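Here the structure is laid out as structure tokens; the discussion comes afterwards.
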Amino acid sequence: FQGVPSEANLAMAYWRKRTPPPESPHLDRDRCGFIWSSVAVPFTGAEARRAVEIAERVPRLFGLEPNLALLAHSPRCLYLVTALAYDRDVRGEDARAQACYRALSRELAQAGYHLTRSGLQARDEDGSADGLAGRDGAAELVDRLKAVLDPGGILAPGRSKP
């Protein structure tokens, strides 16, 4: 919880590999695929059960086994972290894991559980952030903020189209 990964933490990314983790793990060299999602959930049993049901069910539809953690963020908020490990040496696994991540994020958001942090995998094919399209005024607000904060369009050009 200090933000410093250990080799014990890295072992989880080798879940789908056919061999045990090496003594010196290196996820890129070893072609370990690993995507995680973190959503905010109200700190009640009913809400936690509902969010966990989605996070268990959706990855299994894509043939992936989710690794779930519920972290107490505050007295009113839990973070549900869903880790998806896959083998990048298996043809089509990258695309399948990305599709799973998008479906999981979409279904959790529809249930009211939104990402607490997103990476590049959260971008739609048109470059927009997952979940911004269709929200009342959200895309327009992001456009306006970006115009004020980055008038020259130099921050992440071509990648951060709101």
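Going by the structure tokens order, chains are called A, B, ..., each with residues numbered from 1, while ligands are numbered from 1 in the order shown.
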*asked:* Need to verify the contact set: range 107-112 of chain A, 7 Å, only C-alpha atoms, exclusion of same-chain residues closer than 4 positions in sequence. Can you return it as JSON, numbers by chain?
replied: {"A": [51, 54, 103]}
Mind dumping the selected residues with all heavy atoms as an mmCIF file, in the first residue's frame?
```cif
data_model
loop_
_atom_site.group_PDB
_atom_site.id
_atom_site.type_symbol
_atom_site.label_atom_id
_atom_site.label_comp_id
_atom_site.auth_asym_id
_atom_site.auth_seq_id
_atom_site.Cartn_x
_atom_site.Cartn_y
_atom_site.Cartn_z
ATOM 1 N N ALA A 51 -21.654 -4.659 -7.138
ATOM 2 C CA ALA A 51 -20.486 -4.343 -7.959
ATOM 3 C C ALA A 51 -19.615 -5.591 -8.167
ATOM 4 O O ALA A 51 -19.134 -5.841 -9.278
ATOM 5 C CB ALA A 51 -19.674 -3.224 -7.311
ATOM 6 N N ILE A 54 -20.932 -7.962 -10.860
ATOM 7 C CA ILE A 54 -20.605 -7.517 -12.222
ATOM 8 C C ILE A 54 -19.147 -7.833 -12.536
ATOM 9 O O ILE A 54 -18.818 -8.362 -13.603
ATOM 10 C CB ILE A 54 -20.882 -6.008 -12.381
ATOM 11 C CG1 ILE A 54 -22.384 -5.731 -12.255
ATOM 12 C CG2 ILE A 54 -20.336 -5.487 -13.713
ATOM 13 C CD1 ILE A 54 -22.730 -4.251 -12.090
ATOM 14 N N ALA A 103 -16.034 -3.635 -21.826
ATOM 15 C CA ALA A 103 -17.353 -4.140 -21.414
ATOM 16 C C ALA A 103 -17.526 -4.014 -19.901
ATOM 17 O O ALA A 103 -18.598 -3.614 -19.425
ATOM 18 C CB ALA A 103 -17.526 -5.596 -21.852
#
```
Just the residues within 12 Å of Asp94 in chain A, please, counting only C-alpha atoms, with nothing from its chain fewer than 2 positions along; format it as an mmCIF file with N, CA and C atoms, in the first residue's frame.
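In the end it all went to out14.cif:
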```
data_model
loop_
_atom_site.group_PDB
_atom_site.id
_atom_site.type_symbol
_atom_site.label_atom_id
_atom_site.label_comp_id
_atom_site.auth_asym_id
_atom_site.auth_seq_id
_atom_site.Cartn_x
_atom_site.Cartn_y
_atom_site.Cartn_z
ATOM 1 N N ARG A 31 6.187 -10.902 -21.631
ATOM 2 C CA ARG A 31 4.916 -10.782 -22.369
ATOM 3 C C ARG A 31 3.704 -11.110 -21.508
ATOM 4 N N CYS A 32 3.716 -10.564 -20.303
ATOM 5 C CA CYS A 32 2.573 -10.696 -19.399
ATOM 6 C C CYS A 32 1.600 -9.559 -19.698
ATOM 7 N N GLY A 33 0.359 -9.894 -19.919
ATOM 8 C CA GLY A 33 -0.668 -8.877 -20.078
ATOM 9 C C GLY A 33 -1.344 -8.636 -18.743
ATOM 10 N N PHE A 34 -1.558 -7.379 -18.429
ATOM 11 C CA PHE A 34 -2.171 -7.054 -17.140
ATOM 12 C C PHE A 34 -2.907 -5.723 -17.259
ATOM 13 N N ILE A 35 -4.198 -5.747 -17.052
ATOM 14 C CA ILE A 35 -5.029 -4.544 -17.070
ATOM 15 C C ILE A 35 -5.812 -4.537 -15.765
ATOM 16 N N PHE A 62 -15.515 -13.363 -21.194
ATOM 17 C CA PHE A 62 -14.395 -13.232 -22.118
ATOM 18 C C PHE A 62 -13.316 -14.294 -21.861
ATOM 19 N N LEU A 64 -11.721 -14.858 -19.015
ATOM 20 C CA LEU A 64 -10.690 -14.392 -18.093
ATOM 21 C C LEU A 64 -11.159 -14.584 -16.655
ATOM 22 N N LEU A 84 -7.066 -8.030 -14.482
ATOM 23 C CA LEU A 84 -7.198 -9.004 -15.557
ATOM 24 C C LEU A 84 -5.798 -9.361 -16.043
ATOM 25 N N ALA A 85 -5.368 -10.582 -15.783
ATOM 26 C CA ALA A 85 -4.061 -11.054 -16.244
ATOM 27 C C ALA A 85 -4.281 -11.931 -17.468
ATOM 28 N N TYR A 86 -3.389 -11.783 -18.458
ATOM 29 C CA TYR A 86 -3.502 -12.597 -19.665
ATOM 30 C C TYR A 86 -2.116 -12.798 -20.266
ATOM 31 N N ASP A 87 -2.028 -13.752 -21.189
ATOM 32 C CA ASP A 87 -0.764 -14.119 -21.819
ATOM 33 C C ASP A 87 -0.690 -13.453 -23.183
ATOM 34 N N ARG A 88 0.224 -12.512 -23.331
ATOM 35 C CA ARG A 88 0.349 -11.770 -24.588
ATOM 36 C C ARG A 88 0.926 -12.626 -25.712
ATOM 37 N N ASP A 89 1.450 -13.807 -25.387
ATOM 38 C CA ASP A 89 1.950 -14.708 -26.430
ATOM 39 C C ASP A 89 0.823 -15.473 -27.109
ATOM 40 N N VAL A 90 -0.359 -15.466 -26.524
ATOM 41 C CA VAL A 90 -1.507 -16.146 -27.117
ATOM 42 C C VAL A 90 -2.175 -15.187 -28.107
ATOM 43 N N ARG A 91 -2.307 -15.639 -29.345
ATOM 44 C CA ARG A 91 -2.898 -14.816 -30.399
ATOM 45 C C ARG A 91 -4.296 -14.337 -30.000
ATOM 46 N N GLY A 92 -4.535 -13.050 -30.126
ATOM 47 C CA GLY A 92 -5.846 -12.470 -29.860
ATOM 48 C C GLY A 92 -6.102 -12.079 -28.413
ATOM 49 N N ARG A 96 -8.838 -9.413 -26.811
ATOM 50 C CA ARG A 96 -9.878 -9.967 -25.935
ATOM 51 C C ARG A 96 -9.865 -9.279 -24.573
ATOM 52 N N ALA A 97 -8.676 -9.044 -24.026
ATOM 53 C CA ALA A 97 -8.574 -8.362 -22.735
ATOM 54 C C ALA A 97 -9.051 -6.918 -22.836
ATOM 55 N N GLN A 98 -8.708 -6.236 -23.930
ATOM 56 C CA GLN A 98 -9.176 -4.857 -24.123
ATOM 57 C C GLN A 98 -10.702 -4.820 -24.229
ATOM 58 N N ALA A 99 -11.270 -5.750 -24.985
ATOM 59 C CA ALA A 99 -12.737 -5.808 -25.124
ATOM 60 C C ALA A 99 -13.382 -6.082 -23.771
ATOM 61 N N CYS A 100 -12.775 -6.951 -22.985
ATOM 62 C CA CYS A 100 -13.286 -7.253 -21.642
ATOM 63 C C CYS A 100 -13.247 -6.005 -20.779
ATOM 64 N N TYR A 101 -12.129 -5.287 -20.797
ATOM 65 C CA TYR A 101 -11.992 -4.067 -20.001
ATOM 66 C C TYR A 101 -13.079 -3.060 -20.379
ATOM 67 N N GLN A 121 -5.992 2.543 -22.061
ATOM 68 C CA GLN A 121 -6.934 1.496 -22.462
ATOM 69 C C GLN A 121 -8.385 1.937 -22.311
#
```
*Grab the CA of Leu70 in chain A to CA of His114 in chain A distance for me, in Å with one decimal place.*
14.5 Å
*Nearby residues (only C-alpha atoms) at most 8 Å from Glu65 in chain A, same-chain spacing under 2 positions excluded, as a ChimeraX atom specification*: /A:56,59-60,63,67,84-85
Output N, CA, C and O atoms for every residue in the selection just made, as a PDB file, in the first residue's frame.
```
ATOM      1  N   GLU A  56     -17.206 -10.050 -11.303  1.00  0.00           N
ATOM      2  CA  GLU A  56     -16.939 -11.487 -11.431  1.00  0.00           C
ATOM      3  C   GLU A  56     -17.505 -12.034 -12.737  1.00  0.00           C
ATOM      4  O   GLU A  56     -16.882 -12.854 -13.399  1.00  0.00           O
ATOM      5  N   PRO A  59     -15.770 -10.529 -16.815  1.00  0.00           N
ATOM      6  CA  PRO A  59     -14.532 -11.131 -17.332  1.00  0.00           C
ATOM      7  C   PRO A  59     -14.686 -12.604 -17.720  1.00  0.00           C
ATOM      8  O   PRO A  59     -14.073 -13.065 -18.684  1.00  0.00           O
ATOM      9  N   ARG A  60     -15.524 -13.332 -17.007  1.00  0.00           N
ATOM     10  CA  ARG A  60     -15.721 -14.745 -17.328  1.00  0.00           C
ATOM     11  C   ARG A  60     -16.377 -14.913 -18.705  1.00  0.00           C
ATOM     12  O   ARG A  60     -16.154 -15.912 -19.384  1.00  0.00           O
ATOM     13  N   GLY A  63     -13.617 -15.263 -20.997  1.00  0.00           N
ATOM     14  CA  GLY A  63     -12.678 -16.325 -20.710  1.00  0.00           C
ATOM     15  C   GLY A  63     -11.531 -15.918 -19.796  1.00  0.00           C
ATOM     16  O   GLY A  63     -10.489 -16.564 -19.779  1.00  0.00           O
ATOM     17  N   ASN A  67      -9.286 -11.042 -10.738  1.00  0.00           N
ATOM     18  CA  ASN A  67      -8.701 -11.005  -9.405  1.00  0.00           C
ATOM     19  C   ASN A  67      -9.271  -9.744  -8.763  1.00  0.00           C
ATOM     20  O   ASN A  67      -8.993  -8.645  -9.243  1.00  0.00           O
ATOM     21  N   LEU A  84      -7.066  -8.030 -14.482  1.00  0.00           N
ATOM     22  CA  LEU A  84      -7.198  -9.004 -15.557  1.00  0.00           C
ATOM     23  C   LEU A  84      -5.798  -9.361 -16.043  1.00  0.00           C
ATOM     24  O   LEU A  84      -5.100  -8.525 -16.627  1.00  0.00           O
ATOM     25  N   ALA A  85      -5.368 -10.582 -15.783  1.00  0.00           N
ATOM     26  CA  ALA A  85      -4.061 -11.054 -16.244  1.00  0.00           C
ATOM     27  C   ALA A  85      -4.281 -11.931 -17.468  1.00  0.00           C
ATOM     28  O   ALA A  85      -5.232 -12.713 -17.529  1.00  0.00           O
TER      29      ALA A  85
END
```
*Record the distance separating CA of Val52 in chain A and CA of Ser105 in chain A, expressed in Å with one decimal.*
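CA of Ser105 in chain A lies 12.7 Å from CA of Val52 in chain A.
For the pair CA of Thr116 in chain A and CA of Leu104 in chain A, the interatomic distance is 13.9 Å.
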*With only C-alpha atoms as the basis for distance, which of A:Val4, A:Pro21, A:Val39, A:Gly152 is at the shortest distance from Arg106 in chain A?*
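The closest residue to Arg106 in chain A is A:Val39.
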*asked:* Please determine, counting only C-alpha atoms, which residue among A:Lys146, A:Ala83, A:Glu53, A:Arg76 has the shortest atom-to-atom distance to Asn9 in chain A.
replied: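 Closest residue, counting only C-alpha atoms: A:Ala83.
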*Rank A:Arg102, A:Leu80, A:Tyr113, A:Ile154 by their smallest atom-to-atom distance to Ser38 in chain A, using only C-alpha atoms, and report the top residue only.*
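The shortest atom-to-atom distance to Ser38 in chain A comes from A:Leu80.
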*If you run DSSP on the backbone, which residues of range 40-85 of chain A are alpha helix (DSSP H), as a PyMOL selection string?*
chain A and resi 45-61
